[in-house]
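Participant: Got a structure for you, structure26.pdb, holding PDB, C-alpha atoms.
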ATOM      1  CA  MET A 869     -64.932 -64.395 -45.756
ATOM      2  CA  PRO A 870     -61.547 -62.918 -44.733
ATOM      3  CA  GLN A 871     -61.846 -59.432 -43.321
ATOM      4  CA  ILE A 872     -59.111 -56.838 -42.997
ATOM      5  CA  GLN A 873     -58.520 -56.344 -39.310
ATOM      6  CA  PRO A 874     -58.132 -52.736 -38.131
ATOM      7  CA  MET A 875     -54.631 -51.919 -36.952
ATOM      8  CA  GLU A 876     -54.068 -51.776 -33.198
ATOM      9  CA  ASP A 877     -52.227 -48.497 -33.506
ATOM     10  CA  SER A 878     -52.810 -46.374 -36.589
ATOM     11  CA  ARG A 879     -49.876 -44.034 -35.856
ATOM     12  CA  VAL A 880     -46.980 -44.078 -38.308
ATOM     13  CA  ILE A 881     -43.670 -43.628 -36.504
ATOM     14  CA  MET A 882     -40.852 -41.941 -38.371
ATOM     15  CA  PRO A 883     -37.440 -43.673 -38.376
ATOM     16  CA  THR A 884     -36.014 -40.727 -36.414
ATOM     17  CA  GLU A 885     -38.591 -41.309 -33.658
ATOM     18  CA  ALA A 886     -37.784 -45.030 -33.656
ATOM     19  CA  ALA A 887     -34.056 -44.243 -33.424
ATOM     20  CA  LEU A 888     -34.753 -42.007 -30.425
ATOM     21  CA  ALA A 889     -36.937 -44.675 -28.795
ATOM     22  CA  VAL A 890     -34.230 -47.347 -29.041
ATOM     23  CA  LYS A 891     -31.611 -44.799 -27.912
ATOM     24  CA  LEU A 892     -29.634 -45.054 -31.146
ATOM     25  CA  VAL A 893     -29.251 -41.272 -31.086
ATOM     26  CA  THR A 894     -30.032 -38.411 -28.728
ATOM     27  CA  ASP A 895     -32.060 -35.240 -29.338
ATOM     28  CA  VAL A 896     -28.882 -33.214 -29.937
ATOM     29  CA  ASP A 897     -27.538 -35.897 -32.294
ATOM     30  CA  LEU A 898     -30.732 -35.586 -34.314
ATOM     31  CA  LEU A 899     -30.308 -31.803 -34.541
ATOM     32  CA  ARG A 900     -26.714 -32.287 -35.682
ATOM     33  CA  LEU A 901     -27.818 -34.857 -38.279
ATOM     34  CA  LYS A 902     -30.535 -32.507 -39.492
ATOM     35  CA  THR A 903     -27.969 -29.790 -40.249
ATOM     36  CA  ILE A 904     -25.747 -32.356 -41.996
ATOM     37  CA  ALA A 905     -28.642 -33.757 -44.054
ATOM     38  CA  ARG A 906     -29.691 -30.248 -45.093
ATOM     39  CA  LEU A 907     -26.135 -29.531 -46.129
ATOM     40  CA  HIS A 908     -25.930 -32.685 -48.255
ATOM     41  CA  ALA A 909     -29.350 -32.113 -49.804
ATOM     42  CA  ARG A 910     -27.902 -29.030 -51.512
ATOM     43  CA  GLY A 911     -27.757 -29.504 -55.258
ATOM     44  CA  LEU A 912     -29.771 -32.727 -55.242
ATOM     45  CA  PRO A 913     -32.711 -33.165 -57.642
ATOM     46  CA  PRO A 914     -35.836 -31.400 -56.285
ATOM     47  CA  ASP A 915     -37.642 -34.680 -55.625
ATOM     48  CA  VAL A 916     -35.081 -35.614 -52.973
ATOM     49  CA  GLY A 917     -35.153 -33.610 -49.761
ATOM     50  CA  TRP A 918     -33.030 -33.594 -46.621
ATOM     51  CA  GLU A 919     -35.734 -35.517 -44.773
ATOM     52  CA  ASP A 920     -35.509 -38.327 -47.334
ATOM     53  CA  LEU A 921     -31.741 -38.568 -46.854
ATOM     54  CA  LEU A 922     -31.931 -38.583 -43.064
ATOM     55  CA  GLN A 923     -34.935 -40.898 -42.652
ATOM     56  CA  GLU A 924     -33.545 -43.322 -45.240
ATOM     57  CA  ALA A 925     -30.122 -43.380 -43.561
ATOM     58  CA  ILE A 926     -31.676 -44.132 -40.163
ATOM     59  CA  SER A 927     -34.013 -46.746 -41.703
ATOM     60  CA  ARG A 928     -31.064 -48.582 -43.226
ATOM     61  CA  VAL A 929     -29.293 -48.685 -39.885
ATOM     62  CA  LEU A 930     -32.473 -49.782 -38.054
ATOM     63  CA  VAL A 931     -33.216 -52.634 -40.462
ATOM     64  CA  GLY A 932     -29.569 -53.700 -40.459
ATOM     65  CA  SER A 933     -28.707 -53.136 -44.115
ATOM     66  CA  ARG A 934     -25.894 -50.825 -42.933
ATOM     67  CA  ARG A 935     -23.839 -52.015 -39.999
ATOM     68  CA  LYS A 936     -21.812 -49.616 -37.889
ATOM     69  CA  PRO A 937     -18.138 -50.575 -37.541
ATOM     70  CA  GLU A 938     -16.823 -50.917 -33.987
ATOM     71  CA  GLY A 939     -15.481 -47.731 -32.477
ATOM     72  CA  LEU A 940     -17.124 -45.336 -34.931
ATOM     73  CA  PRO A 941     -19.590 -42.902 -33.314
ATOM     74  CA  MET A 942     -23.176 -43.412 -34.505
ATOM     75  CA  VAL A 943     -23.563 -39.808 -35.712
ATOM     76  CA  ALA A 944     -20.398 -40.018 -37.841
ATOM     77  CA  PHE A 945     -21.594 -43.330 -39.256
ATOM     78  CA  LEU A 946     -25.046 -41.919 -40.098
ATOM     79  CA  ALA A 947     -23.396 -38.889 -41.730
ATOM     80  CA  GLY A 948     -21.428 -41.309 -43.903
ATOM     81  CA  VAL A 949     -24.632 -43.130 -44.872
ATOM     82  CA  ILE A 950     -26.232 -39.785 -45.787
ATOM     83  CA  ARG A 951     -23.184 -38.978 -47.936
ATOM     84  CA  SER A 952     -23.398 -42.309 -49.742
ATOM     85  CA  LEU A 953     -27.152 -41.845 -50.276
ATOM     86  CA  ARG A 954     -26.423 -38.483 -51.905
ATOM     87  CA  ALA A 955     -23.957 -40.200 -54.280
ATOM     88  CA  GLU A 956     -26.511 -42.957 -54.919
ATOM     89  CA  HIS A 957     -29.164 -40.411 -55.909
ATOM     90  CA  TRP A 958     -26.765 -38.773 -58.355
ATOM     91  CA  ARG A 959     -25.731 -42.112 -59.856
ATOM     92  CA  ARG A 960     -29.391 -42.966 -60.389
ATOM     93  CA  ALA A 961     -30.143 -39.541 -61.893
ATOM     94  CA  LEU A 962     -27.189 -39.881 -64.285
ATOM     95  CA  GLY A 963     -27.930 -43.507 -65.141
ATOM     96  CA  GLY A 964     -31.509 -42.731 -66.239
ATOM     97  CA  THR A 965     -30.824 -42.172 -69.928
ATOM     98  CA  GLY A 966     -28.098 -44.827 -69.992
ATOM     99  CA  HIS A 967     -30.507 -47.527 -68.789
ATOM    100  CA  LYS A 968     -33.109 -46.513 -71.360
ATOM    101  CA  GLN A 969     -30.476 -46.724 -74.094
ATOM    102  CA  ALA A 970     -29.324 -50.149 -72.876
ATOM    103  CA  ALA A 971     -32.928 -51.397 -72.838
ATOM    104  CA  TRP A 972     -33.449 -50.116 -76.399
ATOM    105  CA  ILE A 973     -30.319 -51.917 -77.582
ATOM    106  CA  ALA A 974     -31.380 -55.145 -75.848
ATOM    107  CA  THR A 975     -34.766 -55.193 -77.588
ATOM    108  CA  THR A 976     -33.506 -54.170 -81.047
ATOM    109  CA  PRO A 977     -31.945 -56.580 -83.580
ATOM    110  CA  ALA A 978     -28.160 -56.325 -83.643
ATOM    111  CA  ASN A 979     -27.848 -55.282 -87.301
ATOM    112  CA  SER A 980     -30.270 -52.337 -86.905
ATOM    113  CA  VAL A 981     -28.391 -50.997 -83.850
ATOM    114  CA  THR A 982     -25.202 -50.508 -85.846
ATOM    115  CA  GLU A 983     -27.128 -48.574 -88.508
ATOM    116  CA  ASP A 984     -28.025 -45.821 -86.039
ATOM    117  CA  PRO A 985     -24.903 -43.711 -85.352
ATOM    118  CA  GLN A 986     -26.502 -42.337 -82.152
ATOM    119  CA  TYR A 987     -25.935 -45.694 -80.432
ATOM    120  CA  LEU A 988     -22.349 -46.051 -81.626
ATOM    121  CA  GLU A 989     -21.229 -43.031 -79.582
ATOM    122  CA  PRO A 990     -19.363 -43.937 -76.388
ATOM    123  CA  HIS A 991     -21.032 -42.949 -73.102
ATOM    124  CA  ASP A 992     -19.718 -39.677 -71.647
ATOM    125  CA  PRO A 993     -18.890 -40.189 -67.956
ATOM    126  CA  ALA A 994     -18.720 -36.405 -67.328
ATOM    127  CA  PRO A 995     -21.610 -34.856 -65.345
ATOM    128  CA  ASP A 996     -24.482 -33.613 -67.485
ATOM    129  CA  PRO A 997     -25.023 -29.837 -67.922
ATOM    130  CA  GLU A 998     -27.992 -29.871 -65.539
ATOM    131  CA  ARG A 999     -25.879 -31.231 -62.702
ATOM    132  CA  VAL A1000     -23.014 -28.830 -63.474
ATOM    133  CA  LEU A1001     -25.431 -25.886 -63.406
ATOM    134  CA  SER A1002     -27.027 -27.104 -60.190
ATOM    135  CA  ALA A1003     -23.590 -27.485 -58.548
ATOM    136  CA  LEU A1004     -22.621 -23.962 -59.664
ATOM    137  CA  GLN A1005     -25.843 -22.566 -58.191
ATOM    138  CA  GLU A1006     -25.244 -24.347 -54.896
ATOM    139  CA  LEU A1007     -21.648 -23.124 -54.720
ATOM    140  CA  SER A1008     -22.936 -19.578 -55.262
ATOM    141  CA  ALA A1009     -25.578 -20.135 -52.553
ATOM    142  CA  ILE A1010     -22.880 -21.239 -50.096
ATOM    143  CA  GLU A1011     -20.752 -18.205 -51.005
ATOM    144  CA  ARG A1012     -23.791 -15.948 -50.487
ATOM    145  CA  LEU A1013     -24.209 -17.469 -47.042
ATOM    146  CA  PHE A1014     -20.725 -16.197 -46.098
ATOM    147  CA  ARG A1015     -20.801 -12.995 -48.162
ATOM    148  CA  ASP A1016     -20.129 -10.767 -45.124
ATOM    149  CA  ASP A1017     -17.063 -12.759 -44.122
ATOM    150  CA  PRO A1018     -14.104 -12.380 -46.545
ATOM    151  CA  THR A1019     -11.959 -14.885 -44.620
ATOM    152  CA  ALA A1020     -14.719 -17.494 -44.815
ATOM    153  CA  LEU A1021     -14.996 -16.902 -48.562
ATOM    154  CA  GLN A1022     -11.264 -17.495 -48.961
ATOM    155  CA  ILE A1023     -11.582 -20.710 -46.964
ATOM    156  CA  ILE A1024     -14.526 -21.868 -49.112
ATOM    157  CA  ASP A1025     -12.473 -21.180 -52.255
ATOM    158  CA  GLY A1026      -9.595 -23.206 -50.850
ATOM    159  CA  LEU A1027     -11.865 -26.087 -49.819
ATOM    160  CA  ALA A1028     -13.389 -26.120 -53.306
ATOM    161  CA  GLU A1029      -9.885 -26.472 -54.747
ATOM    162  CA  GLY A1030      -9.227 -29.380 -52.413
ATOM    163  CA  LEU A1031      -6.518 -27.578 -50.422
ATOM    164  CA  SER A1032      -5.589 -28.523 -46.873
ATOM    165  CA  ALA A1033      -5.897 -26.078 -43.941
ATOM    166  CA  GLU A1034      -2.171 -25.250 -44.117
ATOM    167  CA  GLN A1035      -2.324 -24.645 -47.872
ATOM    168  CA  ILE A1036      -5.368 -22.363 -47.504
ATOM    169  CA  ARG A1037      -3.617 -20.392 -44.742
ATOM    170  CA  ALA A1038      -0.491 -20.076 -46.888
ATOM    171  CA  CYS A1039      -2.384 -19.056 -50.066
ATOM    172  CA  ALA A1040      -4.674 -16.555 -48.346
ATOM    173  CA  GLY A1041      -2.092 -15.326 -45.833
ATOM    174  CA  ILE A1042      -4.255 -16.089 -42.792
ATOM    175  CA  SER A1043      -2.799 -16.843 -39.355
ATOM    176  CA  LYS A1044      -3.793 -20.078 -37.599
ATOM    177  CA  ILE A1045      -5.813 -18.185 -34.982
ATOM    178  CA  HIS A1046      -7.750 -16.245 -37.633
ATOM    179  CA  TYR A1047      -8.321 -19.428 -39.618
ATOM    180  CA  ASP A1048      -9.663 -21.379 -36.627
ATOM    181  CA  THR A1049     -11.885 -18.456 -35.590
ATOM    182  CA  ALA A1050     -13.286 -18.190 -39.119
ATOM    183  CA  ARG A1051     -14.018 -21.942 -39.213
ATOM    184  CA  ARG A1052     -15.909 -21.614 -35.894
ATOM    185  CA  ARG A1053     -17.909 -18.669 -37.294
ATOM    186  CA  MET A1054     -18.719 -20.729 -40.384
ATOM    187  CA  ARG A1055     -19.804 -23.664 -38.236
ATOM    188  CA  ARG A1056     -22.154 -21.511 -36.127
ATOM    189  CA  LEU A1057     -23.699 -20.003 -39.262
ATOM    190  CA  LEU A1058     -24.186 -23.466 -40.770
ATOM    191  CA  LEU A1059     -25.837 -24.690 -37.580
ATOM    192  CA  ARG A1060     -28.241 -21.748 -37.599
ATOM    193  CA  GLU A1061     -28.934 -22.282 -41.308
ATOM    194  CA  GLY A1062     -29.491 -26.007 -40.745
ATOM    195  CA  LEU A1063     -31.886 -25.544 -37.844
ATOM    196  CA  THR A1064     -33.890 -22.683 -39.272
ATOM    197  CA  SER A1065     -37.371 -23.150 -40.754
ATOM    198  CA  CYS A1066     -37.598 -26.077 -43.191
ATOM    199  CA  SER A1067     -39.273 -24.201 -46.055
ATOM    200  CA  ARG A1068     -36.169 -24.672 -48.218
ATOM    201  CA  HIS A1069     -34.151 -27.856 -48.880
TER     202      HIS A1069
ATOM    203  CA  MET B 157      -7.601 -18.735 -56.727
ATOM    204  CA  LEU B 158      -7.341 -20.252 -60.162
ATOM    205  CA  LYS B 159     -10.244 -22.508 -61.023
ATOM    206  CA  THR B 160      -9.670 -25.276 -63.559
ATOM    207  CA  LEU B 161     -11.992 -25.063 -66.540
ATOM    208  CA  ALA B 162     -12.908 -28.749 -66.563
ATOM    209  CA  PRO B 163     -16.667 -29.392 -66.928
ATOM    210  CA  GLU B 164     -16.760 -31.544 -63.805
ATOM    211  CA  TRP B 165     -15.086 -28.855 -61.663
ATOM    212  CA  PRO B 166     -18.268 -27.407 -60.067
ATOM    213  CA  VAL B 167     -19.530 -30.869 -59.112
ATOM    214  CA  SER B 168     -16.282 -32.041 -57.518
ATOM    215  CA  ALA B 169     -15.780 -28.621 -55.899
ATOM    216  CA  LEU B 170     -19.255 -28.734 -54.357
ATOM    217  CA  THR B 171     -18.623 -32.267 -53.072
ATOM    218  CA  ARG B 172     -15.318 -31.189 -51.493
ATOM    219  CA  VAL B 173     -16.909 -28.136 -49.836
ATOM    220  CA  LEU B 174     -19.880 -30.118 -48.504
ATOM    221  CA  ASP B 175     -17.643 -32.872 -47.133
ATOM    222  CA  ALA B 176     -15.373 -30.344 -45.382
ATOM    223  CA  LEU B 177     -18.331 -28.478 -43.877
ATOM    224  CA  GLU B 178     -19.864 -31.785 -42.768
ATOM    225  CA  LYS B 179     -16.679 -32.506 -40.816
ATOM    226  CA  ASP B 180     -17.032 -29.119 -39.088
ATOM    227  CA  LEU B 181     -20.607 -29.937 -38.089
ATOM    228  CA  LEU B 182     -19.596 -33.365 -36.752
ATOM    229  CA  GLU B 183     -16.995 -31.712 -34.547
ATOM    230  CA  ALA B 184     -19.363 -29.038 -33.196
ATOM    231  CA  PRO B 185     -19.901 -29.353 -29.433
ATOM    232  CA  ASP B 186     -23.467 -30.055 -28.241
ATOM    233  CA  GLU B 187     -23.609 -26.665 -26.481
ATOM    234  CA  GLU B 188     -23.010 -24.892 -29.790
ATOM    235  CA  ILE B 189     -25.925 -26.747 -31.422
ATOM    236  CA  LEU B 190     -28.249 -25.910 -28.543
ATOM    237  CA  GLN B 191     -27.065 -22.301 -28.612
ATOM    238  CA  ALA B 192     -27.741 -22.080 -32.378
ATOM    239  CA  ALA B 193     -31.297 -23.293 -31.750
ATOM    240  CA  LYS B 194     -31.737 -20.782 -28.918
ATOM    241  CA  ASP B 195     -30.430 -17.980 -31.169
ATOM    242  CA  LEU B 196     -33.279 -18.830 -33.533
ATOM    243  CA  GLY B 197     -35.793 -18.560 -30.690
ATOM    244  CA  MET B 198     -36.234 -22.341 -30.399
ATOM    245  CA  ASN B 199     -36.185 -24.323 -27.182
ATOM    246  CA  PRO B 200     -34.930 -27.834 -27.995
ATOM    247  CA  GLU B 201     -35.838 -28.967 -24.472
ATOM    248  CA  MET B 202     -39.519 -28.724 -25.444
ATOM    249  CA  ARG B 203     -40.920 -31.795 -27.216
ATOM    250  CA  GLY B 204     -42.760 -29.782 -29.855
ATOM    251  CA  SER B 205     -39.881 -27.396 -30.513
ATOM    252  CA  ALA B 206     -39.598 -26.148 -34.098
ATOM    253  CA  ALA B 207     -36.007 -27.399 -34.078
ATOM    254  CA  PHE B 208     -37.424 -30.940 -34.352
ATOM    255  CA  GLN B 209     -39.450 -30.136 -37.457
ATOM    256  CA  GLY B 210     -38.944 -33.082 -39.814
ATOM    257  CA  LEU B 211     -37.461 -35.173 -36.999
ATOM    258  CA  LYS B 212     -40.180 -35.787 -34.414
ATOM    259  CA  PHE B 213     -43.007 -34.459 -36.546
ATOM    260  CA  PRO B 214     -43.218 -33.916 -40.319
ATOM    261  CA  ALA B 215     -41.822 -30.717 -41.798
ATOM    262  CA  LYS B 216     -44.818 -30.448 -44.127
ATOM    263  CA  PRO B 217     -48.431 -30.779 -42.915
ATOM    264  CA  LYS B 218     -50.322 -33.915 -43.932
ATOM    265  CA  ILE B 219     -53.994 -34.219 -44.855
ATOM    266  CA  SER B 220     -54.575 -36.241 -41.661
ATOM    267  CA  ASP B 221     -53.532 -33.197 -39.617
ATOM    268  CA  PHE B 222     -56.746 -31.498 -40.746
ATOM    269  CA  PHE B 223     -59.203 -34.340 -41.481
ATOM    270  CA  ASN B 224     -60.128 -37.535 -39.652
ATOM    271  CA  LEU B 225     -59.366 -40.233 -42.163
ATOM    272  CA  ASP B 226     -60.574 -43.175 -40.040
ATOM    273  CA  ALA B 227     -64.002 -43.261 -41.719
ATOM    274  CA  TRP B 228     -62.405 -43.101 -45.141
ATOM    275  CA  ASN B 229     -59.981 -45.891 -44.217
ATOM    276  CA  ALA B 230     -62.830 -48.082 -42.966
ATOM    277  CA  ALA B 231     -64.834 -47.531 -46.175
ATOM    278  CA  THR B 232     -61.802 -48.340 -48.323
ATOM    279  CA  ALA B 233     -61.059 -51.481 -46.306
ATOM    280  CA  LYS B 234     -64.651 -52.589 -46.874
ATOM    281  CA  GLN B 235     -64.373 -51.941 -50.598
ATOM    282  CA  VAL B 236     -61.216 -53.970 -51.017
ATOM    283  CA  ALA B 237     -62.517 -56.804 -48.811
ATOM    284  CA  LEU B 238     -63.153 -60.124 -50.586
ATOM    285  CA  THR B 239     -66.951 -59.855 -50.688
ATOM    286  CA  THR B 240     -69.196 -60.038 -53.705
ATOM    287  CA  ARG B 241     -71.084 -57.077 -55.041
ATOM    288  CA  VAL B 242     -74.395 -58.653 -53.956
ATOM    289  CA  GLU B 243     -73.167 -59.148 -50.379
ATOM    290  CA  ARG B 244     -71.929 -55.578 -50.234
ATOM    291  CA  LYS B 245     -75.279 -54.251 -51.492
ATOM    292  CA  ALA B 246     -77.148 -56.388 -48.980
ATOM    293  CA  ASP B 247     -74.957 -55.060 -46.175
ATOM    294  CA  SER B 248     -75.549 -51.467 -47.192
ATOM    295  CA  MET B 249     -79.345 -52.058 -47.313
ATOM    296  CA  LYS B 250     -79.194 -53.412 -43.760
ATOM    297  CA  ALA B 251     -77.286 -50.422 -42.567
ATOM    298  CA  LEU B 252     -79.850 -47.938 -43.853
ATOM    299  CA  PRO B 253     -81.439 -46.054 -40.942
ATOM    300  CA  LEU B 254     -84.777 -45.494 -42.754
ATOM    301  CA  PRO B 255     -87.023 -48.120 -44.432
ATOM    302  CA  LEU B 256     -87.043 -47.920 -48.213
ATOM    303  CA  SER B 257     -90.760 -48.687 -48.576
ATOM    304  CA  PRO B 258     -92.814 -45.496 -48.879
ATOM    305  CA  SER B 259     -95.201 -44.847 -46.051
ATOM    306  CA  ARG B 260     -98.204 -42.616 -46.236
ATOM    307  CA  LYS B 261     -98.231 -39.592 -44.094
ATOM    308  CA  ASP B 262    -101.010 -39.271 -41.557
ATOM    309  CA  THR B 263    -103.109 -36.187 -41.329
ATOM    310  CA  SER B 264    -101.449 -35.430 -38.027
ATOM    311  CA  ASP B 265     -98.117 -35.028 -39.828
ATOM    312  CA  LYS B 266     -99.423 -32.189 -41.907
TER     313      LYS B 266
END
Re-express the file's structure as structure tokens.
Facilitator:
Amino acid sequence: MPQIQPMEDSRVIMPTEAALAVKLVTDVDLLRLKTIARLHARGLPPDVGWEDLLQEAISRVLVGSRRKPEGLPMVAFLAGVIRSLRAEHWRRALGGTGHKQAAWIATTPANSVTEDPQYLEPHDPAPDPERVLSALQELSAIERLFRDDPTALQIIDGLAEGLSAEQIRACAGISKIHYDTARRRMRRLLLREGLTSCSRH
Amino acid sequence: MLKTLAPEWPVSALTRVLDALEKDLLEAPDEEILQAAKDLGMNPEMRGSAAFQGLKFPAKPKISDFFNLDAWNAATAKQVALTTRVERKADSMKALPLPLSPSRKDTSDK
């Protein structure tokens, strides 16, 4: 009778640990990626956390489904994978009702589909109200993070509008030195926020 | 600044802000990251440092952190093994530490 053999080593190693073991990243790289993953996990559905984004990104690189282009630093590449995973999660969340509708149409006779006006409406590509609300909440959370820094708030407003550094400086009337100093302050705050206790995000 | 009243504005704005801030974090020198951890009272040079929560050890505790699940795993493996119910019962009878047949107590036991 076949018996299930006990595993030699019952420990489960996380992809981050494996990446460290094969020297794909360093300890400091992992800390940097943690802050980036926590940043990108903002506004995602509650079932997706920053750990999922980071571990999945590293897993994909380890198994070879994502290949790093020559000359690109590993951390920048992993950050790009995290960004694309975030987009993937949103696409899946938005496509949920669309897939159900498509399945319903596929299993229903053609003449009865046209009788129901609900299925004649074209699909709206705009984000659903839930995602819009979630994005608004996250934007407010980011603004709250920099509430004591008026220059940082002006920069955030400019970034949200898609303005370049020069355009933000021109609109807000900030000198280059003040702008660069504010960006450094913002970066330090984000690092602290990203490394602090993981009870949120 | 004037914000466009398009419904997708918050979503695209959030994406633009997150992407710009990500670039800042990518450009941060290593010393700044270590300093941020030290500011929070963490020592990243220690293996079990809280900074590595979710990286080298899970951010949330697991049931196996509190209970030894080896016995449970062994029992489950036995249950899913390709043995018949009769064989399983026979095995469990063998493993019993005490005989099932009743024995009379002696007077000395009382």
Participant: Select from chain A every residue with an atom at most 7 Å from any atom of chain B, then for each give the shortest pair of atoms and their distance in Å to one decimal, using all atoms listed in the file, rows by chain and rising number, as a tab-separated table.
Facilitator:
residue	atom	partner	partner_atom	distance
A:Met869	CA	B:Leu238	CA	6.7
A:Pro870	CA	B:Leu238	CA	6.7
A:Gln871	CA	B:Ala237	CA	6.1
A:Ile872	CA	B:Ala233	CA	6.6
A:Thr884	CA	B:Leu211	CA	5.8
A:Glu885	CA	B:Lys212	CA	5.8
A:Val896	CA	B:Asp186	CA	6.5
A:Arg900	CA	B:Leu181	CA	7.0
A:Ile904	CA	B:Glu178	CA	6.0
A:Leu907	CA	B:Leu174	CA	6.7
A:His908	CA	B:Leu174	CA	6.6
A:Glu919	CA	B:Gly210	CA	6.4
A:Ala944	CA	B:Leu182	CA	6.8
A:Ala994	CA	B:Glu164	CA	6.3
A:Pro995	CA	B:Glu164	CA	6.1
A:Val1000	CA	B:Val167	CA	5.9
A:Ala1003	CA	B:Val167	CA	5.3
A:Leu1004	CA	B:Pro166	CA	5.6
A:Leu1007	CA	B:Leu170	CA	6.1
A:Ile1024	CA	B:Val173	CA	6.7
A:Leu1027	CA	B:Val173	CA	5.4
A:Ala1028	CA	B:Ala169	CA	4.3
A:Glu1029	CA	B:Ala169	CA	6.4
A:Gly1030	CA	B:Arg172	CA	6.4
A:Arg1055	CA	B:Asp180	CA	6.2
A:Arg1056	CA	B:Ala192	CA	6.8
A:Leu1059	CA	B:Ala192	CA	6.1
A:Arg1060	CA	B:Ala192	CA	5.3
A:Leu1063	CA	B:Ala207	CA	5.9
A:Thr1064	CA	B:Leu196	CA	6.9
A:Cys1066	CA	B:Ala215	CA	6.4
Participant: Choose the residue, out of A:Val929, A:Cys1039, A:Pro997, A:Gly1062, that has the smallest atom-to-atom separation from Gly948 in chain A; count only C-alpha atoms.
Facilitator: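 Checking each candidate against Gly948 in chain A, we get A:Val929 as the closest.
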Participant: Taking the file above as input, evaluate the PyMOL selection byres ((chain A and resi 956-958) around 12) and report the hits as number ranges by chain.
Facilitator: A: 908-917, 920-921, 924-925, 949-955, 959-964, 995-996, 998-1000, 1002-1003; B: 167, 171
Participant: When you draw a straight line from CA of Met1054 in chain A to CA of Met202 in chain B, how long is it in Å?
Facilitator: 26.8 Å
Participant: In Å to one decimal, how far is CA of Val931 in chain A from CA of Pro883 in chain A?
Facilitator: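 Distance between the two atoms: 10.1 Å.
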Participant: Could you work out how far CA of Leu1031 in chain A lies from CA of Pro941 in chain A, giving the answer in Å with one decimal?
Facilitator: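 For CA of Pro941 in chain A relative to CA of Leu1031 in chain A, the distance reads 26.4 Å.
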Participant: Evaluating the PyMOL selection byres ((chain A and resi 1048) around 12) on the displayed file yields which residues, as a list in words?
Facilitator: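 Those residues are Thr1019, Ala1020, Ile1023, Ala1033, Glu1034, Ile1036, Arg1037, Ile1042, Ser1043, Lys1044, Ile1045, His1046, Tyr1047, Thr1049, Ala1050, Arg1051, Arg1052, Arg1053, Met1054 and Arg1055 of chain A; Asp180 of chain B.
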Participant: Once 5 Å is added on each side, what are the centre and the three edge lengths, in Å to one decimal, of the axis-aligned box enclosing the listed atoms of range 1043-1059 of chain A? Present them as AutoDock Vina command-line options.
Facilitator:
--center_x -14.3 --center_y -20.5 --center_z -37.9 --size_x 33.0 --size_y 18.4 --size_z 15.8
Participant: Applying 12 Å and all atoms listed in the file, which residues near Ala887 in chain A remain after dropping the ones on its own chain fewer than 4 positions away? List them as number ranges by chain.
Facilitator: A: 881-883, 891-895, 897-898, 922-931, 942-943, 946; B: 211-212
